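Source file: input_1.cif. Holds: mmCIF, C-alpha atoms and all ligand atoms; chains and numbers go by the auth columns.
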data_coords
loop_
_atom_site.group_PDB
_atom_site.id
_atom_site.type_symbol
_atom_site.label_atom_id
_atom_site.label_comp_id
_atom_site.label_asym_id
_atom_site.label_seq_id
_atom_site.Cartn_x
_atom_site.Cartn_y
_atom_site.Cartn_z
_atom_site.B_iso_or_equiv
_atom_site.auth_seq_id
_atom_site.auth_asym_id
ATOM 1 C CA MET A 1 -11.509 35.716 7.845 0.00 62 H
ATOM 2 C CA GLU A 2 -8.989 33.097 6.760 0.00 63 H
ATOM 3 C CA SER A 3 -8.499 33.125 2.981 0.00 64 H
ATOM 4 C CA HIS A 4 -9.252 29.962 1.055 0.00 65 H
ATOM 5 C CA ILE A 5 -5.549 29.565 0.256 0.00 66 H
ATOM 6 C CA SER A 6 -4.370 29.561 3.855 0.00 67 H
ATOM 7 C CA ALA A 7 -7.159 27.115 4.618 0.00 68 H
ATOM 8 C CA LEU A 8 -5.934 24.950 1.716 0.00 69 H
ATOM 9 C CA ASN A 9 -2.353 25.129 2.956 0.00 70 H
ATOM 10 C CA ALA A 10 -3.362 24.181 6.491 0.00 71 H
ATOM 11 C CA GLN A 11 -5.836 21.440 5.720 0.00 72 H
ATOM 12 C CA MET A 12 -3.427 18.701 4.713 0.00 73 H
ATOM 13 C CA ASP A 13 -2.722 16.389 7.586 0.00 74 H
ATOM 14 C CA ARG A 14 0.768 15.146 8.196 0.00 75 H
ATOM 15 C CA ILE A 15 -0.006 11.607 7.052 0.00 76 H
ATOM 16 C CA THR A 16 -2.118 11.173 3.954 0.00 77 H
ATOM 17 C CA VAL A 17 -3.260 7.759 2.778 0.00 78 H
ATOM 18 C CA LEU A 18 -4.810 7.984 -0.691 0.00 79 H
ATOM 19 C CA GLU A 19 -8.546 7.430 -0.941 0.00 80 H
ATOM 20 C CA GLN A 20 -9.050 3.677 -1.282 0.00 81 H
ATOM 21 C CA ASP A 21 -11.331 3.897 -4.315 0.00 82 H
ATOM 22 C CA ARG A 22 -11.846 0.978 -6.696 0.00 83 H
ATOM 23 C CA ALA A 23 -9.412 2.253 -9.295 0.00 84 H
ATOM 24 C CA LEU A 24 -6.655 2.395 -6.684 0.00 85 H
ATOM 25 C CA LEU A 25 -7.574 -0.951 -5.111 0.00 86 H
ATOM 26 C CA ASN A 26 -7.495 -2.547 -8.541 0.00 87 H
ATOM 27 C CA LEU A 27 -3.992 -1.164 -9.187 0.00 88 H
ATOM 28 C CA MET A 28 -2.812 -2.257 -5.730 0.00 89 H
ATOM 29 C CA THR A 29 -4.196 -5.749 -6.382 0.00 90 H
ATOM 30 C CA ILE A 30 -2.208 -5.909 -9.632 0.00 91 H
ATOM 31 C CA ILE A 31 1.086 -4.882 -8.036 0.00 92 H
ATOM 32 C CA ARG A 32 0.617 -7.163 -5.007 0.00 93 H
ATOM 33 C CA ASP A 33 -0.182 -10.231 -7.137 0.00 94 H
ATOM 34 C CA ARG A 34 2.777 -12.647 -7.419 0.00 95 H
ATOM 35 C CA ASN A 35 1.524 -13.596 -10.916 0.00 96 H
ATOM 36 C CA THR A 36 1.863 -10.026 -12.256 0.00 97 H
ATOM 37 C CA ASN A 37 4.874 -9.814 -14.574 0.00 98 H
ATOM 38 C CA ASP A 38 7.465 -7.036 -14.371 0.00 99 H
ATOM 39 C CA ARG A 39 6.012 -5.018 -17.262 0.00 100 H
ATOM 40 C CA GLU A 40 2.493 -5.115 -15.848 0.00 101 H
ATOM 41 C CA PHE A 41 3.919 -4.274 -12.433 0.00 102 H
ATOM 42 C CA SER A 42 5.763 -1.163 -13.610 0.00 103 H
ATOM 43 C CA ALA A 43 2.770 0.028 -15.679 0.00 104 H
ATOM 44 C CA ALA A 44 0.461 -0.189 -12.648 0.00 105 H
ATOM 45 C CA VAL A 45 3.063 1.400 -10.347 0.00 106 H
ATOM 46 C CA GLU A 46 3.342 4.397 -12.654 0.00 107 H
ATOM 47 C CA LYS A 47 -0.410 5.018 -12.428 0.00 108 H
ATOM 48 C CA ILE A 48 -0.316 4.814 -8.627 0.00 109 H
ATOM 49 C CA VAL A 49 2.719 7.084 -8.426 0.00 110 H
ATOM 50 C CA ARG A 50 0.965 9.782 -10.468 0.00 111 H
ATOM 51 C CA ARG A 51 -1.773 9.868 -7.854 0.00 112 H
ATOM 52 C CA LEU A 52 0.757 9.971 -5.019 0.00 113 H
ATOM 53 C CA ILE A 53 2.725 12.816 -6.572 0.00 114 H
ATOM 54 C CA THR A 54 -0.458 14.825 -7.229 0.00 115 H
ATOM 55 C CA SER A 55 -1.418 14.418 -3.581 0.00 116 H
ATOM 56 C CA ALA A 56 2.093 15.265 -2.341 0.00 117 H
ATOM 57 C CA LEU A 57 2.092 18.492 -4.368 0.00 118 H
ATOM 58 C CA ASN A 58 -0.786 19.714 -2.177 0.00 119 H
ATOM 59 C CA HIS A 59 1.932 20.425 0.383 0.00 120 H
ATOM 60 C CA VAL A 60 3.551 23.081 -1.808 0.00 121 H
ATOM 61 C CA PRO A 61 2.459 26.488 -0.474 0.00 122 H
ATOM 62 C CA ALA A 62 0.412 28.683 -2.788 0.00 123 H
ATOM 63 C CA GLU A 63 -0.997 32.180 -2.885 0.00 124 H
ATOM 64 C CA GLU A 64 -4.076 33.679 -4.453 0.00 125 H
ATOM 65 C CA TYR A 65 -3.547 34.753 -8.044 0.00 126 H
ATOM 66 C CA THR A 66 -6.255 36.383 -10.083 0.00 127 H
ATOM 67 C CA ILE A 67 -6.137 36.205 -13.861 0.00 128 H
ATOM 68 C CA THR A 68 -8.428 37.506 -16.591 0.00 129 H
ATOM 69 C CA THR A 69 -10.106 34.953 -18.856 0.00 130 H
ATOM 70 C CA PRO A 70 -10.403 35.448 -22.662 0.00 131 H
ATOM 71 C CA ILE A 71 -13.927 36.795 -22.156 0.00 132 H
ATOM 72 C CA ASP A 72 -12.574 39.535 -19.882 0.00 133 H
ATOM 73 C CA LYS A 73 -13.723 38.011 -16.613 0.00 134 H
ATOM 74 C CA PRO A 74 -11.584 37.723 -13.484 0.00 135 H
ATOM 75 C CA PHE A 75 -10.782 34.267 -12.178 0.00 136 H
ATOM 76 C CA LYS A 76 -9.436 33.991 -8.657 0.00 137 H
ATOM 77 C CA GLY A 77 -6.912 31.135 -8.874 0.00 138 H
ATOM 78 C CA ILE A 78 -3.642 30.229 -7.222 0.00 139 H
ATOM 79 C CA ARG A 79 0.050 30.100 -7.964 0.00 140 H
ATOM 80 C CA PHE A 80 2.655 28.117 -6.108 0.00 141 H
ATOM 81 C CA THR A 81 5.223 30.083 -4.139 0.00 142 H
ATOM 82 C CA LYS A 82 8.008 27.507 -3.885 0.00 143 H
ATOM 83 C CA GLY A 83 9.968 25.227 -6.181 0.00 144 H
ATOM 84 C CA VAL A 84 10.077 21.453 -5.812 0.00 145 H
ATOM 85 C CA CYS A 85 13.049 19.113 -5.519 0.00 146 H
ATOM 86 C CA GLY A 86 12.525 15.355 -5.918 0.00 147 H
ATOM 87 C CA VAL A 87 15.095 13.356 -3.954 0.00 148 H
ATOM 88 C CA SER A 88 15.187 9.653 -4.844 0.00 149 H
ATOM 89 C CA ILE A 89 16.427 7.030 -2.456 0.00 150 H
ATOM 90 C CA LEU A 90 18.147 4.740 -4.958 0.00 151 H
ATOM 91 C CA ARG A 91 17.362 2.600 -6.615 0.00 152 H
ATOM 92 C CA ALA A 92 13.603 2.160 -6.263 0.00 153 H
ATOM 93 C CA GLY A 93 12.821 5.840 -5.591 0.00 154 H
ATOM 94 C CA ALA A 94 13.975 6.791 -9.084 0.00 155 H
ATOM 95 C CA CYS A 95 10.828 5.161 -10.492 0.00 156 H
ATOM 96 C CA MET A 96 8.842 8.199 -9.275 0.00 157 H
ATOM 97 C CA GLU A 97 10.896 10.861 -11.042 0.00 158 H
ATOM 98 C CA GLN A 98 9.087 10.801 -14.384 0.00 159 H
ATOM 99 C CA ALA A 99 5.684 11.223 -12.720 0.00 160 H
ATOM 100 C CA LEU A 100 7.023 14.291 -10.913 0.00 161 H
ATOM 101 C CA ARG A 101 8.382 15.753 -14.175 0.00 162 H
ATOM 102 C CA ASP A 102 5.004 15.131 -15.842 0.00 163 H
ATOM 103 C CA THR A 103 2.888 16.510 -13.011 0.00 164 H
ATOM 104 C CA TRP A 104 4.701 19.563 -11.651 0.00 165 H
ATOM 105 C CA THR A 105 4.716 22.749 -13.739 0.00 166 H
ATOM 106 C CA GLY A 106 7.024 24.933 -11.633 0.00 167 H
ATOM 107 C CA ARG A 107 10.732 25.083 -10.841 0.00 168 H
ATOM 108 C CA LEU A 108 12.034 21.520 -10.498 0.00 169 H
ATOM 109 C CA SER A 109 15.311 19.866 -9.576 0.00 170 H
ATOM 110 C CA PHE A 110 16.383 16.367 -8.525 0.00 171 H
ATOM 111 C CA GLY A 111 18.732 14.901 -5.949 0.00 172 H
ATOM 112 C CA LYS A 112 19.867 11.318 -5.349 0.00 173 H
ATOM 113 C CA LEU A 113 20.760 9.385 -2.244 0.00 174 H
ATOM 114 C CA LEU A 114 22.176 5.871 -2.268 0.00 175 H
ATOM 115 C CA ILE A 115 21.508 4.343 1.136 0.00 176 H
ATOM 116 C CA GLN A 116 22.217 0.737 2.035 0.00 177 H
ATOM 117 C CA ARG A 117 22.216 -1.338 5.156 0.00 178 H
ATOM 118 C CA ASP A 118 25.661 -2.347 6.389 0.00 179 H
ATOM 119 C CA GLU A 119 25.579 -6.171 6.290 0.00 180 H
ATOM 120 C CA GLU A 120 27.435 -6.547 9.588 0.00 181 H
ATOM 121 C CA THR A 121 25.842 -3.825 11.700 0.00 182 H
ATOM 122 C CA SER A 122 22.447 -3.616 9.887 0.00 183 H
ATOM 123 C CA ILE A 123 22.774 0.169 10.176 0.00 184 H
ATOM 124 C CA ALA A 124 21.706 2.222 7.148 0.00 185 H
ATOM 125 C CA LYS A 125 24.618 4.116 5.596 0.00 186 H
ATOM 126 C CA ILE A 126 24.763 6.791 2.871 0.00 187 H
ATOM 127 C CA TYR A 127 27.068 5.722 0.030 0.00 188 H
ATOM 128 C CA TYR A 128 26.293 8.574 -2.376 0.00 189 H
ATOM 129 C CA SER A 129 24.581 11.924 -1.999 0.00 190 H
ATOM 130 C CA LYS A 130 24.051 14.548 -4.677 0.00 191 H
ATOM 131 C CA LEU A 131 21.677 17.366 -3.819 0.00 192 H
ATOM 132 C CA PRO A 132 20.999 20.544 -5.805 0.00 193 H
ATOM 133 C CA THR A 133 22.280 23.856 -4.460 0.00 194 H
ATOM 134 C CA GLY A 134 19.310 25.864 -3.233 0.00 195 H
ATOM 135 C CA ILE A 135 17.447 22.753 -2.046 0.00 196 H
ATOM 136 C CA SER A 136 16.879 24.404 1.361 0.00 197 H
ATOM 137 C CA ASN A 137 14.370 26.818 -0.229 0.00 198 H
ATOM 138 C CA ASP A 138 12.335 24.098 -1.946 0.00 199 H
ATOM 139 C CA ILE A 139 9.634 21.656 -0.943 0.00 200 H
ATOM 140 C CA VAL A 140 11.429 18.308 -1.090 0.00 201 H
ATOM 141 C CA LEU A 141 9.552 15.214 -2.218 0.00 202 H
ATOM 142 C CA LEU A 142 11.517 12.317 -0.767 0.00 203 H
ATOM 143 C CA LEU A 143 10.857 9.412 -3.127 0.00 204 H
ATOM 144 C CA GLU A 144 10.908 5.943 -1.547 0.00 205 H
ATOM 145 C CA PRO A 145 8.252 3.417 -2.634 0.00 206 H
ATOM 146 C CA MET A 146 8.536 1.047 0.363 0.00 207 H
ATOM 147 C CA LEU A 147 8.615 2.233 3.991 0.00 208 H
ATOM 148 C CA ALA A 148 9.545 -0.892 5.957 0.00 209 H
ATOM 149 C CA THR A 149 11.572 -0.308 9.153 0.00 210 H
ATOM 150 C CA GLY A 150 12.176 3.355 8.375 0.00 211 H
ATOM 151 C CA GLY A 151 15.994 3.070 8.631 0.00 212 H
ATOM 152 C CA SER A 152 16.743 4.464 5.149 0.00 213 H
ATOM 153 C CA VAL A 153 14.169 7.227 5.435 0.00 214 H
ATOM 154 C CA ILE A 154 15.586 8.360 8.791 0.00 215 H
ATOM 155 C CA LYS A 155 19.063 8.511 7.255 0.00 216 H
ATOM 156 C CA ALA A 156 17.709 10.440 4.250 0.00 217 H
ATOM 157 C CA VAL A 157 15.792 12.988 6.349 0.00 218 H
ATOM 158 C CA GLU A 158 18.857 13.518 8.566 0.00 219 H
ATOM 159 C CA ASN A 159 20.938 14.110 5.445 0.00 220 H
ATOM 160 C CA LEU A 160 18.416 16.611 4.069 0.00 221 H
ATOM 161 C CA THR A 161 18.063 18.541 7.330 0.00 222 H
ATOM 162 C CA SER A 162 21.853 18.679 7.741 0.00 223 H
ATOM 163 C CA ASN A 163 21.877 20.276 4.268 0.00 224 H
ATOM 164 C CA GLY A 164 19.540 23.021 5.489 0.00 225 H
ATOM 165 C CA VAL A 165 16.141 21.616 4.441 0.00 226 H
ATOM 166 C CA PRO A 166 13.588 22.244 7.224 0.00 227 H
ATOM 167 C CA GLU A 167 11.821 19.054 8.331 0.00 228 H
ATOM 168 C CA GLU A 168 8.499 20.784 7.595 0.00 229 H
ATOM 169 C CA SER A 169 9.514 21.156 3.928 0.00 230 H
ATOM 170 C CA ILE A 170 9.952 17.401 3.366 0.00 231 H
ATOM 171 C CA VAL A 171 7.185 15.157 2.015 0.00 232 H
ATOM 172 C CA LEU A 172 7.894 11.425 1.975 0.00 233 H
ATOM 173 C CA VAL A 173 6.153 9.831 -1.013 0.00 234 H
ATOM 174 C CA ASN A 174 5.697 6.091 -0.822 0.00 235 H
ATOM 175 C CA VAL A 175 3.562 3.307 -2.264 0.00 236 H
ATOM 176 C CA VAL A 176 3.320 0.916 0.701 0.00 237 H
ATOM 177 C CA SER A 177 4.140 1.726 4.326 0.00 238 H
ATOM 178 C CA SER A 178 4.366 -0.671 7.199 0.00 239 H
ATOM 179 C CA LYS A 179 2.495 0.453 10.283 0.00 240 H
ATOM 180 C CA LYS A 180 5.733 0.232 12.258 0.00 241 H
ATOM 181 C CA GLY A 181 7.698 2.271 9.699 0.00 242 H
ATOM 182 C CA LEU A 182 5.055 4.997 9.743 0.00 243 H
ATOM 183 C CA GLU A 183 5.120 5.146 13.548 0.00 244 H
ATOM 184 C CA VAL A 184 8.927 5.211 13.736 0.00 245 H
ATOM 185 C CA VAL A 185 9.414 7.864 11.056 0.00 246 H
ATOM 186 C CA SER A 186 6.552 10.169 12.061 0.00 247 H
ATOM 187 C CA GLY A 187 7.543 9.856 15.749 0.00 248 H
ATOM 188 C CA ARG A 188 11.146 10.775 14.960 0.00 249 H
ATOM 189 C CA PHE A 189 10.301 13.713 12.658 0.00 250 H
ATOM 190 C CA PRO A 190 7.138 15.522 13.847 0.00 251 H
ATOM 191 C CA GLY A 191 7.322 18.048 10.985 0.00 252 H
ATOM 192 C CA LEU A 192 7.651 15.472 8.182 0.00 253 H
ATOM 193 C CA LYS A 193 4.680 14.892 5.871 0.00 254 H
ATOM 194 C CA ILE A 194 3.971 11.450 4.451 0.00 255 H
ATOM 195 C CA VAL A 195 1.828 10.448 1.481 0.00 256 H
ATOM 196 C CA SER A 196 1.202 6.746 0.963 0.00 257 H
ATOM 197 C CA ALA A 197 -1.114 4.544 -1.110 0.00 258 H
ATOM 198 C CA ALA A 198 -1.421 1.750 1.485 0.00 259 H
ATOM 199 C CA VAL A 199 -0.491 0.880 5.051 0.00 260 H
ATOM 200 C CA ASP A 200 0.276 -2.787 5.793 0.00 261 H
ATOM 201 C CA ALA A 201 0.082 -4.249 9.272 0.00 262 H
ATOM 202 C CA GLU A 202 3.189 -6.400 9.528 0.00 263 H
ATOM 203 C CA LEU A 203 6.887 -6.803 8.819 0.00 264 H
ATOM 204 C CA THR A 204 8.407 -10.257 8.258 0.00 265 H
ATOM 205 C CA ALA A 205 11.513 -11.453 10.110 0.00 266 H
ATOM 206 C CA GLN A 206 13.500 -10.347 7.026 0.00 267 H
ATOM 207 C CA ASN A 207 11.849 -6.893 7.208 0.00 268 H
ATOM 208 C CA TYR A 208 9.663 -7.350 4.157 0.00 269 H
ATOM 209 C CA ILE A 209 6.340 -5.523 4.366 0.00 270 H
ATOM 210 C CA SER A 210 3.489 -8.019 4.791 0.00 271 H
ATOM 211 C CA PRO A 211 1.294 -8.728 2.895 0.00 272 H
ATOM 212 C CA GLY A 212 3.348 -6.285 0.801 0.00 273 H
ATOM 213 C CA LEU A 213 4.400 -6.878 -2.779 0.00 274 H
ATOM 214 C CA GLY A 214 7.853 -8.484 -2.506 0.00 275 H
ATOM 215 C CA ASP A 215 11.009 -6.690 -3.612 0.00 276 H
ATOM 216 C CA PHE A 216 9.822 -3.510 -5.303 0.00 277 H
ATOM 217 C CA GLY A 217 13.094 -2.697 -7.096 0.00 278 H
ATOM 218 C CA ASP A 218 13.527 -6.193 -8.507 0.00 279 H
ATOM 219 C CA ARG A 219 9.977 -6.236 -9.848 0.00 280 H
ATOM 220 C CA TYR A 220 10.052 -2.675 -11.217 0.00 281 H
ATOM 221 C CA TYR A 221 13.448 -3.040 -12.905 0.00 282 H
ATOM 222 C CA GLY A 222 12.979 -6.688 -13.975 0.00 283 H
ATOM 223 C CA THR A 223 15.940 -7.990 -11.966 0.00 284 H
ATOM 224 C CA SER A 224 14.088 -10.674 -10.053 0.00 285 H
ATOM 225 C CA CYS A 225 15.221 -13.621 -12.153 0.00 286 H
HETATM 226 N N1 LIG B . 11.639 -3.039 0.270 0.00 301 N
HETATM 227 C C1 LIG B . 10.958 -3.794 -0.627 0.00 301 N
HETATM 228 O O1 LIG B . 11.225 -3.757 -1.817 0.00 301 N
HETATM 229 N N2 LIG B . 9.964 -4.578 -0.170 0.00 301 N
HETATM 230 C C2 LIG B . 9.629 -4.663 1.134 0.00 301 N
HETATM 231 O O2 LIG B . 8.711 -5.388 1.482 0.00 301 N
HETATM 232 C C3 LIG B . 10.362 -3.859 2.051 0.00 301 N
HETATM 233 C C4 LIG B . 11.358 -3.066 1.590 0.00 301 N
#
Represent the structure contained in this file as structure tokens.
Ligand code: URA
Amino acid sequence: MESHISALNAQMDRITVLEQDRALLNLMTIIRDRNTNDREFSAAVEKIVRRLITSALNHVPAEEYTITTPIDKPFKGIRFTKGVCGVSILRAGACMEQALRDTWTGRLSFGKLLIQRDEETSIAKIYYSKLPTGISNDIVLLLEPMLATGGSVIKAVENLTSNGVPEESIVLVNVVSSKKGLEVVSGRFPGLKIVSAAVDAELTAQNYISPGLGDFGDRYYGTSC
């Protein structure tokens, strides 16, 4: 019979959209509202990101681990069998790092990727990459709050896999996905996992997610004025 841990490890689908409960919908309403100021925006984002990171960590493999409680009783629990590396796509992805530090109790490292669209060709290009040695053994949480066309995420996943990280070990963590971005990225990388708080139907002509929340980085870092 399959143990409860292997069932737990297998049960997570490739694409997870957080349960749309009232607490989450309230936070999403705050961050989507044009009248929300930058401080209120970042405070609500941090609460959403905690939930995303907790969900993403379900993809870290675990094994059964039995301990003895202070009253001398056995408790059949779990322990994780891999470390985690958070890789931020700069600049917006960095807003998820603190939630990962606060949530994950095991071995933890961070990498950074600066990816921007070439203004002439519109092709995403990596301008800076710093990844920890040993990343290929970890579960990598790829931190990117907005999945619009998928161009930056494709570049990031290619960079990670060329550095030895199996596609199956990468979990994209994002706040809002466009339907198109989800289709493009999951079609291109069948082993990639994705955890998102919302999926929006459209992209504008300028590739903003619609209805979306505007420019995430500008609102989170207060650079919109
Ligand atoms: N990045 C953003 O900040 N917002 C979008 O709508 C799309 C990409």
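Evaluated against this file, the PyMOL selection byres (((chain H and resi 153-166) around 8) and not hetatm) yields Glu107, Val110, Arg111, Ile114, Thr115, Leu118, Gly147, Ser149, Ile150, Leu151, Arg152, Gly167, Arg168, Leu169, Leu204, Glu205, Pro206, Phe277, Gly278 and Tyr281 of chain H.
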Check your understanding: What is the distance, in Å and to one decimal place, between CA of Gly275 (chain H) and CA of Met207 (chain H)?
Key ->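 Separation of CA of Gly275 (chain H) and CA of Met207 (chain H): 10.0 Å.
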**Study point:** Among listed residues H:Val78, H:Val148, H:Ile176, H:Leu243, nearest Ser257 (chain H) (using only C-alpha atoms)
**Key:** H:Val78
**Study point:** Nearby residues, ligand LIG 301 (chain N), 9 Å, all atoms listed in the file, as a list in words
**Key:**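 Protein and nucleic-acid residues within 9 Å of ligand LIG 301 (chain N): Ala153, Pro206, Met207, Leu208, Ala209, Thr210, Val237, Ser238, Ser239, Leu264, Thr265, Gln267, Asn268, Tyr269, Ile270, Ser271, Pro272, Gly273, Leu274, Gly275, Asp276, Phe277, Gly278, Asp279 and Arg280 of chain H.
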Exercise for review: Go through the shown structure with the PyMOL selection byres (((chain H and resi 232) around 8) and not hetatm) and write out the matching residues as a list in words.
Suggested key: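 Output of the PyMOL selection byres (((chain H and resi 232) around 8) and not hetatm): Ala117, His120, Ile200, Val201, Leu202, Leu203, Ser230, Ile231, Leu233, Val234, Leu253, Lys254, Ile255 and Val256 of chain H.
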Using the selection just defined, write its residues with C-alpha atoms as a PDB file, in the frame of the given file.
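Below is the file again_36.pdb, written as the result:
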ATOM      1  CA  ALA H 117       2.093  15.265  -2.341  1.00  0.00           C
ATOM      2  CA  HIS H 120       1.932  20.425   0.383  1.00  0.00           C
ATOM      3  CA  ILE H 200       9.634  21.656  -0.943  1.00  0.00           C
ATOM      4  CA  VAL H 201      11.429  18.308  -1.090  1.00  0.00           C
ATOM      5  CA  LEU H 202       9.552  15.214  -2.218  1.00  0.00           C
ATOM      6  CA  LEU H 203      11.517  12.317  -0.767  1.00  0.00           C
ATOM      7  CA  SER H 230       9.514  21.156   3.928  1.00  0.00           C
ATOM      8  CA  ILE H 231       9.952  17.401   3.366  1.00  0.00           C
ATOM      9  CA  LEU H 233       7.894  11.425   1.975  1.00  0.00           C
ATOM     10  CA  VAL H 234       6.153   9.831  -1.013  1.00  0.00           C
ATOM     11  CA  LEU H 253       7.651  15.472   8.182  1.00  0.00           C
ATOM     12  CA  LYS H 254       4.680  14.892   5.871  1.00  0.00           C
ATOM     13  CA  ILE H 255       3.971  11.450   4.451  1.00  0.00           C
ATOM     14  CA  VAL H 256       1.828  10.448   1.481  1.00  0.00           C
TER      15      VAL H 256
END
Review point. Quick one, how far is CA of Glu219 (chain H) from CA of Val106 (chain H)?
Key: 27.5 Å
